[in-house]
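Visitor: Following this line is coords.pdb, made up of PDB, C-alpha atoms:
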```pdb
MODEL        1
ATOM      1  CA  MET A   1       7.205 -27.595   7.708
ATOM      2  CA  ARG A   2       4.535 -25.467   9.397
ATOM      3  CA  GLN A   3       3.944 -22.189   7.586
ATOM      4  CA  ARG A   4       5.164 -19.052   9.353
ATOM      5  CA  LEU A   5       3.836 -15.930   7.667
ATOM      6  CA  ALA A   6       5.331 -12.444   7.681
ATOM      7  CA  ILE A   7       3.282  -9.464   6.513
ATOM      8  CA  LEU A   8       5.265  -6.658   4.860
ATOM      9  CA  CYS A   9       3.884  -3.098   4.755
ATOM     10  CA  PRO A  10       5.381  -0.834   2.065
ATOM     11  CA  GLY A  11       6.408   2.785   2.242
ATOM     12  CA  GLN A  12       5.934   5.670  -0.183
ATOM     13  CA  GLY A  13       6.760   5.786  -3.852
ATOM     14  CA  ALA A  14       4.518   3.193  -5.530
ATOM     15  CA  GLN A  15       1.072   4.691  -4.882
ATOM     16  CA  HIS A  16      -1.301   4.922  -7.859
ATOM     17  CA  PRO A  17      -4.912   5.920  -8.607
ATOM     18  CA  GLN A  18      -6.166   2.320  -8.186
ATOM     19  CA  LEU A  19      -4.648   2.104  -4.709
ATOM     20  CA  PHE A  20      -7.821   0.806  -3.045
ATOM     21  CA  ASP A  21      -9.426  -1.084  -5.930
ATOM     22  CA  LEU A  22      -8.442  -4.646  -4.967
ATOM     23  CA  ALA A  23      -9.210  -4.235  -1.267
ATOM     24  CA  GLY A  24     -12.487  -2.560  -2.238
ATOM     25  CA  THR A  25     -13.728  -5.758  -3.873
ATOM     26  CA  ASP A  26     -14.273  -7.066  -0.344
ATOM     27  CA  PRO A  27     -17.516  -5.599   1.096
ATOM     28  CA  HIS A  28     -16.207  -5.609   4.661
ATOM     29  CA  ALA A  29     -13.029  -3.702   3.743
ATOM     30  CA  ALA A  30     -14.974  -1.295   1.531
ATOM     31  CA  SER A  31     -17.397  -0.561   4.378
ATOM     32  CA  LEU A  32     -14.574   0.111   6.835
ATOM     33  CA  LEU A  33     -12.739   2.318   4.361
ATOM     34  CA  ALA A  34     -15.865   4.443   3.980
ATOM     35  CA  GLN A  35     -15.930   4.929   7.777
ATOM     36  CA  TRP A  36     -12.231   5.641   8.317
ATOM     37  CA  PRO A  37     -11.120   9.301   8.509
ATOM     38  CA  VAL A  38      -9.062   9.183   5.311
ATOM     39  CA  ALA A  39     -10.460  12.389   3.803
ATOM     40  CA  ALA A  40     -10.016  14.248   7.096
ATOM     41  CA  ALA A  41      -6.415  13.017   7.404
ATOM     42  CA  CYS A  42      -5.597  13.980   3.812
ATOM     43  CA  GLY A  43      -7.507  17.263   3.821
ATOM     44  CA  VAL A  44      -9.229  16.375   0.533
ATOM     45  CA  PRO A  45     -11.812  13.749  -0.548
ATOM     46  CA  LEU A  46     -10.243  10.398  -1.392
ATOM     47  CA  PRO A  47     -11.238  10.446  -5.109
ATOM     48  CA  VAL A  48      -9.635  13.887  -5.470
ATOM     49  CA  ALA A  49      -6.385  12.719  -3.865
ATOM     50  CA  LEU A  50      -6.214   9.609  -6.057
ATOM     51  CA  ALA A  51      -6.935  11.459  -9.300
ATOM     52  CA  ASP A  52      -4.264  14.163  -8.953
ATOM     53  CA  PRO A  53      -0.612  13.005  -9.144
ATOM     54  CA  ALA A  54       0.538  16.173  -7.383
ATOM     55  CA  LEU A  55      -1.665  15.285  -4.419
ATOM     56  CA  LEU A  56      -1.049  11.541  -4.561
ATOM     57  CA  PHE A  57       2.678  12.054  -3.989
ATOM     58  CA  ALA A  58       2.443  15.038  -1.638
ATOM     59  CA  ASN A  59       3.859  13.938   1.706
ATOM     60  CA  ARG A  60       0.886  15.161   3.768
ATOM     61  CA  ILE A  61      -1.478  13.050   1.651
ATOM     62  CA  ALA A  62       0.747  10.114   0.712
ATOM     63  CA  GLN A  63       1.449   9.015   4.288
ATOM     64  CA  PRO A  64      -2.203   8.658   5.394
ATOM     65  CA  LEU A  65      -3.084   7.033   2.060
ATOM     66  CA  ILE A  66      -0.325   4.426   2.338
ATOM     67  CA  VAL A  67      -1.410   3.482   5.863
ATOM     68  CA  ALA A  68      -5.093   3.342   4.919
ATOM     69  CA  ALA A  69      -4.328   1.225   1.846
ATOM     70  CA  ALA A  70      -2.302  -1.331   3.809
ATOM     71  CA  LEU A  71      -4.936  -1.610   6.525
ATOM     72  CA  ALA A  72      -7.783  -1.912   4.009
ATOM     73  CA  MET A  73      -5.920  -4.684   2.207
ATOM     74  CA  TRP A  74      -5.376  -6.509   5.480
ATOM     75  CA  GLU A  75      -9.068  -6.228   6.387
ATOM     76  CA  ALA A  76      -9.915  -7.694   2.988
ATOM     77  CA  LEU A  77      -7.545 -10.641   3.457
ATOM     78  CA  LYS A  78      -7.227 -11.467   7.141
ATOM     79  CA  SER A  79     -10.229 -13.798   7.397
ATOM     80  CA  SER A  80      -8.821 -16.054   4.671
ATOM     81  CA  VAL A  81      -5.084 -16.100   5.469
ATOM     82  CA  PRO A  82      -3.046 -17.443   8.402
ATOM     83  CA  ALA A  83      -2.342 -15.213  11.376
ATOM     84  CA  PRO A  84       1.085 -13.597  10.874
ATOM     85  CA  ALA A  85       4.021 -14.665  13.022
ATOM     86  CA  LEU A  86       5.755 -11.346  12.352
ATOM     87  CA  VAL A  87       4.964  -7.943  10.815
ATOM     88  CA  ALA A  88       7.449  -5.513   9.283
ATOM     89  CA  GLY A  89       6.997  -2.130   7.661
ATOM     90  CA  TYR A  90       9.224   0.061   5.513
ATOM     91  CA  SER A  91       9.382   3.714   6.599
ATOM     92  CA  ILE A  92       5.732   4.876   6.924
ATOM     93  CA  GLY A  93       4.850   1.196   6.518
ATOM     94  CA  GLU A  94       6.195   0.598  10.012
ATOM     95  CA  LEU A  95       3.202   2.569  11.300
ATOM     96  CA  SER A  96       0.846   0.377   9.227
ATOM     97  CA  ALA A  97       2.463  -2.690  10.797
ATOM     98  CA  TYR A  98       1.038  -1.831  14.201
ATOM     99  CA  GLY A  99      -2.452  -2.102  12.753
ATOM    100  CA  ILE A 100      -1.729  -5.548  11.305
ATOM    101  CA  ALA A 101      -0.348  -6.558  14.706
ATOM    102  CA  GLY A 102      -3.563  -5.408  16.402
ATOM    103  CA  ALA A 103      -1.779  -2.837  18.558
ATOM    104  CA  LEU A 104      -3.619   0.255  17.278
ATOM    105  CA  PRO A 105      -6.967   0.743  15.464
ATOM    106  CA  ALA A 106      -7.109   1.942  11.886
ATOM    107  CA  ASP A 107      -8.670   5.329  12.602
ATOM    108  CA  VAL A 108      -5.919   6.150  15.093
ATOM    109  CA  LEU A 109      -3.167   5.010  12.725
ATOM    110  CA  ILE A 110      -4.513   7.061   9.825
ATOM    111  CA  GLY A 111      -4.587  10.091  12.095
ATOM    112  CA  LEU A 112      -1.066   9.354  13.319
ATOM    113  CA  ALA A 113       0.114   9.123   9.715
ATOM    114  CA  ALA A 114      -1.236  12.627   9.096
ATOM    115  CA  ILE A 115       0.488  13.928  12.236
ATOM    116  CA  ARG A 116       3.727  12.203  11.223
ATOM    117  CA  ALA A 117       3.606  13.885   7.820
ATOM    118  CA  GLN A 118       2.849  17.272   9.375
ATOM    119  CA  CYS A 119       5.771  16.941  11.797
ATOM    120  CA  MET A 120       8.114  16.013   8.965
ATOM    121  CA  ASP A 121       6.842  18.718   6.612
ATOM    122  CA  ALA A 122       7.501  21.272   9.358
ATOM    123  CA  CYS A 123      11.204  20.396   8.997
ATOM    124  CA  THR A 124      11.233  21.575   5.363
ATOM    125  CA  THR A 125      11.217  24.939   3.604
ATOM    126  CA  PRO A 126      10.404  25.763  -0.046
ATOM    127  CA  SER A 127      13.793  27.444  -0.448
ATOM    128  CA  ALA A 128      15.709  24.307   0.600
ATOM    129  CA  ARG A 129      13.834  21.328  -0.778
ATOM    130  CA  GLN A 130      14.638  17.826   0.429
ATOM    131  CA  SER A 131      14.428  14.427  -1.205
ATOM    132  CA  LEU A 132      15.653  10.834  -1.327
ATOM    133  CA  LEU A 133      17.700   8.991  -3.933
ATOM    134  CA  ALA A 134      18.078   5.231  -4.375
ATOM    135  CA  VAL A 135      21.724   4.263  -4.932
ATOM    136  CA  SER A 136      22.776   0.746  -5.903
ATOM    137  CA  GLY A 137      26.065  -0.848  -6.893
ATOM    138  CA  LEU A 138      28.204   0.838  -4.213
ATOM    139  CA  THR A 139      28.878   0.011  -0.579
ATOM    140  CA  VAL A 140      28.501   2.555   2.200
ATOM    141  CA  ALA A 141      32.285   2.683   2.523
ATOM    142  CA  ALA A 142      32.661   3.535  -1.164
ATOM    143  CA  LEU A 143      29.879   6.117  -0.928
ATOM    144  CA  GLN A 144      31.004   7.809   2.254
ATOM    145  CA  PRO A 145      33.474  10.351   0.787
ATOM    146  CA  VAL A 146      30.851  11.615  -1.661
ATOM    147  CA  LEU A 147      28.144  11.719   1.010
ATOM    148  CA  ALA A 148      30.382  13.648   3.390
ATOM    149  CA  ARG A 149      31.404  16.122   0.687
ATOM    150  CA  HIS A 150      27.770  16.899  -0.119
ATOM    151  CA  GLN A 151      26.309  16.726   3.426
ATOM    152  CA  LEU A 152      24.192  13.686   2.577
ATOM    153  CA  ALA A 153      23.288  10.679   4.705
ATOM    154  CA  VAL A 154      22.212   7.054   4.276
ATOM    155  CA  ALA A 155      18.505   7.021   5.107
ATOM    156  CA  ILE A 156      17.777   3.328   4.494
ATOM    157  CA  GLN A 157      20.152   0.372   4.208
ATOM    158  CA  ASN A 158      18.509  -2.221   1.964
ATOM    159  CA  GLY A 159      21.625  -4.340   1.433
ATOM    160  CA  GLY A 160      25.385  -4.229   1.190
ATOM    161  CA  ASP A 161      25.259  -2.182  -2.008
ATOM    162  CA  SER A 162      21.644  -1.016  -2.053
ATOM    163  CA  LEU A 163      20.886   2.206  -0.204
ATOM    164  CA  ILE A 164      18.538   5.151   0.015
ATOM    165  CA  VAL A 165      20.363   8.455   0.456
ATOM    166  CA  GLY A 166      18.720  11.613   1.793
ATOM    167  CA  GLY A 167      19.425  15.307   2.055
ATOM    168  CA  PHE A 168      18.699  18.618   0.390
ATOM    169  CA  SER A 169      17.656  18.198  -3.229
ATOM    170  CA  ALA A 170      20.384  20.548  -4.466
ATOM    171  CA  ASP A 171      23.043  18.490  -2.688
ATOM    172  CA  LEU A 172      21.653  15.254  -4.081
ATOM    173  CA  GLN A 173      21.765  16.686  -7.598
ATOM    174  CA  ALA A 174      25.317  17.960  -7.075
ATOM    175  CA  ALA A 175      26.424  14.476  -5.974
ATOM    176  CA  GLU A 176      24.897  12.577  -8.891
ATOM    177  CA  ALA A 177      27.819  12.968 -11.299
ATOM    178  CA  SER A 178      30.342  11.750  -8.720
ATOM    179  CA  LEU A 179      28.162   8.765  -7.819
ATOM    180  CA  GLN A 180      27.732   7.780 -11.453
ATOM    181  CA  GLN A 181      31.478   8.070 -12.048
ATOM    182  CA  LEU A 182      31.953   5.547  -9.236
ATOM    183  CA  GLY A 183      29.586   3.173 -11.027
ATOM    184  CA  ALA A 184      26.415   3.727  -9.015
ATOM    185  CA  GLN A 185      22.934   3.272 -10.438
ATOM    186  CA  LEU A 186      20.639   6.106  -9.338
ATOM    187  CA  THR A 187      16.851   6.187  -9.055
ATOM    188  CA  PRO A 188      15.054   9.328  -7.825
ATOM    189  CA  ILE A 189      12.257   8.756  -5.312
ATOM    190  CA  GLN A 190       9.072  10.822  -5.304
ATOM    191  CA  VAL A 191       9.338  11.934  -1.687
ATOM    192  CA  GLU A 192       9.454  15.539  -0.467
ATOM    193  CA  VAL A 193      11.306  14.978   2.819
ATOM    194  CA  ALA A 194      14.722  13.568   3.759
ATOM    195  CA  SER A 195      13.165  10.842   5.896
ATOM    196  CA  HIS A 196      15.372   8.965   8.349
ATOM    197  CA  THR A 197      18.100  11.615   8.412
ATOM    198  CA  THR A 198      18.978  14.266  10.984
ATOM    199  CA  LEU A 199      17.090  16.842   8.883
ATOM    200  CA  MET A 200      13.974  15.350  10.520
ATOM    201  CA  GLN A 201      15.247  15.647  14.101
ATOM    202  CA  ASP A 202      12.729  18.351  15.064
ATOM    203  CA  ALA A 203       9.885  16.008  14.091
ATOM    204  CA  VAL A 204      10.808  13.347  16.650
ATOM    205  CA  ALA A 205       9.521  14.956  19.867
ATOM    206  CA  PRO A 206       6.101  16.091  18.595
ATOM    207  CA  PHE A 207       5.442  12.740  16.933
ATOM    208  CA  ARG A 208       6.492  10.920  20.088
ATOM    209  CA  ALA A 209       4.008  13.047  22.036
ATOM    210  CA  ALA A 210       1.222  11.978  19.660
ATOM    211  CA  LEU A 211       2.202   8.324  20.031
ATOM    212  CA  GLU A 212       2.177   8.591  23.815
ATOM    213  CA  GLN A 213      -1.476   9.678  23.692
ATOM    214  CA  SER A 214      -2.466   6.730  21.493
ATOM    215  CA  PRO A 215      -4.551   3.790  22.830
ATOM    216  CA  PHE A 216      -2.196   0.845  22.358
ATOM    217  CA  ALA A 217      -3.668  -2.643  22.859
ATOM    218  CA  SER A 218      -2.038  -6.043  23.295
ATOM    219  CA  PHE A 219       0.012  -7.162  20.302
ATOM    220  CA  LYS A 220      -1.202 -10.224  18.366
ATOM    221  CA  ALA A 221       2.186 -10.474  16.629
ATOM    222  CA  PRO A 222       5.559  -8.773  17.102
ATOM    223  CA  VAL A 223       6.567  -5.894  14.837
ATOM    224  CA  LEU A 224      10.131  -5.378  13.623
ATOM    225  CA  GLY A 225      11.577  -1.983  14.558
ATOM    226  CA  GLY A 226      13.161  -0.464  11.483
ATOM    227  CA  VAL A 227      16.070   1.190  13.254
ATOM    228  CA  SER A 228      17.512  -2.165  14.385
ATOM    229  CA  GLY A 229      15.421  -5.102  13.188
ATOM    230  CA  ALA A 230      14.583  -5.959  16.808
ATOM    231  CA  ARG A 231      11.154  -7.303  17.738
ATOM    232  CA  VAL A 232       8.702  -4.894  19.337
ATOM    233  CA  SER A 233       5.693  -6.154  21.286
ATOM    234  CA  GLY A 234       4.830  -3.394  23.758
ATOM    235  CA  LYS A 235       3.737   0.238  23.841
ATOM    236  CA  GLU A 236       6.895   1.873  25.221
ATOM    237  CA  ALA A 237       9.217   0.142  22.771
ATOM    238  CA  ALA A 238       6.835   0.958  19.909
ATOM    239  CA  ILE A 239       6.747   4.652  20.834
ATOM    240  CA  THR A 240      10.537   4.750  20.992
ATOM    241  CA  VAL A 241      11.256   3.085  17.648
ATOM    242  CA  LEU A 242       8.452   4.806  15.736
ATOM    243  CA  SER A 243       9.628   8.240  16.832
ATOM    244  CA  ARG A 244      13.347   7.482  16.459
ATOM    245  CA  GLN A 245      12.971   6.227  12.895
ATOM    246  CA  LEU A 246      11.962   9.662  11.629
ATOM    247  CA  ALA A 247      15.528  10.943  12.057
ATOM    248  CA  GLU A 248      17.584   7.712  12.120
ATOM    249  CA  LYS A 249      18.653   5.273   9.425
ATOM    250  CA  ILE A 250      16.316   2.372   8.690
ATOM    251  CA  GLN A 251      18.115  -0.976   8.748
ATOM    252  CA  TRP A 252      15.859  -2.816   6.337
ATOM    253  CA  ASP A 253      18.567  -5.389   5.679
ATOM    254  CA  GLN A 254      18.450  -6.259   9.381
ATOM    255  CA  CYS A 255      14.661  -6.532   9.242
ATOM    256  CA  MET A 256      14.912  -9.013   6.364
ATOM    257  CA  ASP A 257      17.515 -11.040   8.246
ATOM    258  CA  ALA A 258      15.267 -11.020  11.317
ATOM    259  CA  CYS A 259      12.506 -12.599   9.225
ATOM    260  CA  ALA A 260      14.826 -15.437   8.253
ATOM    261  CA  GLU A 261      16.079 -15.855  11.815
ATOM    262  CA  ALA A 262      12.476 -16.100  13.051
ATOM    263  CA  GLY A 263      11.856 -19.054  10.749
ATOM    264  CA  ILE A 264       9.531 -17.176   8.399
ATOM    265  CA  THR A 265       8.645 -19.423   5.460
ATOM    266  CA  VAL A 266       6.235 -17.146   3.554
ATOM    267  CA  ALA A 267       6.025 -13.363   3.226
ATOM    268  CA  LEU A 268       3.162 -11.342   1.769
ATOM    269  CA  GLU A 269       3.572  -7.676   0.880
ATOM    270  CA  LEU A 270       0.331  -5.698   1.123
ATOM    271  CA  GLY A 271       1.128  -3.297  -1.733
ATOM    272  CA  PRO A 272       1.186  -0.950  -3.501
ATOM    273  CA  GLY A 273       4.183  -2.205  -5.449
ATOM    274  CA  SER A 274       6.332  -5.249  -4.836
ATOM    275  CA  ALA A 275       9.739  -3.830  -3.892
ATOM    276  CA  LEU A 276       9.789  -5.391  -0.410
ATOM    277  CA  SER A 277       8.906  -8.897  -1.578
ATOM    278  CA  ARG A 278      11.529  -8.683  -4.340
ATOM    279  CA  MET A 279      14.216  -7.569  -1.885
ATOM    280  CA  LEU A 280      13.397 -10.305   0.618
ATOM    281  CA  ARG A 281      13.298 -12.992  -2.092
ATOM    282  CA  ALA A 282      16.708 -11.891  -3.368
ATOM    283  CA  ARG A 283      18.273 -11.805   0.094
ATOM    284  CA  HIS A 284      16.613 -14.968   1.474
ATOM    285  CA  PRO A 285      15.554 -17.211  -1.436
ATOM    286  CA  ALA A 286      14.213 -19.889   0.919
ATOM    287  CA  ILE A 287      11.350 -17.575   1.908
ATOM    288  CA  GLU A 288       8.434 -17.649  -0.550
ATOM    289  CA  CYS A 289       7.607 -13.986  -1.254
ATOM    290  CA  ARG A 290       4.806 -12.323  -3.189
ATOM    291  CA  SER A 291       2.984  -8.999  -3.173
ATOM    292  CA  VAL A 292      -0.762  -8.549  -3.504
ATOM    293  CA  ALA A 293       0.210  -6.396  -6.496
ATOM    294  CA  ASP A 294       1.076  -9.674  -8.273
ATOM    295  CA  PHE A 295      -2.543 -10.902  -8.116
ATOM    296  CA  ARG A 296      -5.783  -9.978  -9.882
ATOM    297  CA  THR A 297      -8.101 -11.102  -7.067
ATOM    298  CA  LEU A 298      -8.157 -11.530  -3.304
ATOM    299  CA  ALA A 299      -9.022 -15.182  -3.827
ATOM    300  CA  GLY A 300      -5.815 -15.569  -5.818
ATOM    301  CA  VAL A 301      -3.791 -14.277  -2.867
ATOM    302  CA  ALA A 302      -5.540 -16.695  -0.496
ATOM    303  CA  ARG A 303      -5.008 -19.657  -2.828
ATOM    304  CA  TRP A 304      -1.307 -18.880  -3.169
ATOM    305  CA  LEU A 305      -0.883 -18.730   0.603
ATOM    306  CA  GLU A 306      -2.827 -21.966   0.998
ATOM    307  CA  ARG A 307      -0.496 -23.713  -1.452
ATOM    308  CA  GLN A 308       2.544 -22.556   0.531
ATOM    309  CA  GLY A 309       1.168 -24.280   3.623
ATOM    310  CA  SER A 310       0.466 -27.606   1.937
TER
ENDMDL
END
```
Go through the file and emit its structure as structure tokens.
Guide:
Amino acid sequence: MRQRLAILCPGQGAQHPQLFDLAGTDPHAASLLAQWPVAAACGVPLPVALADPALLFANRIAQPLIVAAALAMWEALKSSVPAPALVAGYSIGELSAYGIAGALPADVLIGLAAIRAQCMDACTTPSARQSLLAVSGLTVAALQPVLARHQLAVAIQNGGDSLIVGGFSADLQAAEASLQQLGAQLTPIQVEVASHTTLMQDAVAPFRAALEQSPFASFKAPVLGGVSGARVSGKEAAITVLSRQLAEKIQWDQCMDACAEAGITVALELGPGSALSRMLRARHPAIECRSVADFRTLAGVARWLERQGS
């Protein structure tokens, strides 16, 4: 069977101080990274951002860093791996996906990531902090009474009983006991905004305006829109789904199913972390899935992909 590769671009939560180390072993990627406006987008020099956990997980810095890291990894790998048949990104990773697909250049995407974070941060206040919480072991139907009682919403649907819930931090904390009594497993996420919920509604229009001014090019591969799992291969559709996803639920389960329906045989997650490859492997075991985080070298990634095509 001919190999059909999907590239997966992760979201926030797994960043670490060595975020760029593997990609940086490639001279071409290292040179590009030095030219990209990462420090300008973050507001601090890259070494400073990576060395301080408070900065590394701050929304305004994390979003540009995640996009830059995914694009640097792709630049380090793309000459030695097959062209992707499909690209998908998780939350902020959906913005990275448009770089992998060739639709937008890296400098523009890093700047857009900073604007996205600014638009989202403007929807928050220090007196009413927001956050996300991973909830597993319960269906949406079982969760719904608790969510309604505490004014919470499903932000990301990863599977039938695997969800990300968003809202005000105080409401999330108040709901934890009820969720645990129902048998849920809870994992806090280091994110400062209730992404993909209506709390972000005021961010949609300004981010859409920024997207409309962006120099989209022809797509080399379709991107999966997170709000539905539908393929996107043009500017207008991209602008619509990228702006909508700020305040609407991400259907990551639908994105994974779309990979299977498209005949994807191999999926590579660009890191950091390996959550997306693990989820796809569990949902569709016939797809060979790995993350670059599983490898010590870029050559190891290329060799693994080569073996999948033999």
Visitor: Quick one: apply the PyMOL selection byres ((chain A and resi 63) around 12) to the file and drop the selected residues here as a PyMOL selection string.
Guide: chain A and resi 10-15+38+41-42+49+55-62+64-70+90-96+109-121+191-193+195
Visitor: Name all residues at most 9 Å from Pro82 in chain A (count only C-alpha atoms; drop same-chain ones fewer than 5 positions away) and give them as a PDB file with C-alpha atoms, in the frame of the given file.
Guide:
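Result file out.pdb:
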```pdb
ATOM      1  CA  GLN A   3       3.944 -22.189   7.586  1.00  0.00           C
ATOM      2  CA  ARG A   4       5.164 -19.052   9.353  1.00  0.00           C
ATOM      3  CA  LEU A   5       3.836 -15.930   7.667  1.00  0.00           C
ATOM      4  CA  LEU A 305      -0.883 -18.730   0.603  1.00  0.00           C
ATOM      5  CA  GLU A 306      -2.827 -21.966   0.998  1.00  0.00           C
TER       6      GLU A 306
END
```
Visitor: My list of candidates is A:Ala88, A:Val135, A:Ile264, A:Val81. Which is closest to Gly183 in chain A when distances are computed with all atoms listed in the file?
Guide: A:Val135
Visitor: So which one's closest to Arg231 in chain A, A:Val87, A:Asn158, A:Leu46, A:Ala54? Using all atoms listed in the file, please.
Guide: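 Of A:Val87, A:Asn158, A:Leu46, A:Ala54, the one nearest Arg231 in chain A, counting all atoms listed in the file, is A:Val87.
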Visitor: Show me as a ChimeraX atom specification the residues that reach within 10 Å of (17.0, 4.5, -3.4), counting all atoms listed in the file and using the file's own coordinates.
Guide: /A:132-136,154-158,162-166,185-189
Visitor: When you draw a straight line from CA of Arg129 in chain A to CA of Leu211 in chain A, how long is it in Å?
Guide: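 Interatomic distance, CA of Arg129 in chain A to CA of Leu211 in chain A: 27.2 Å.
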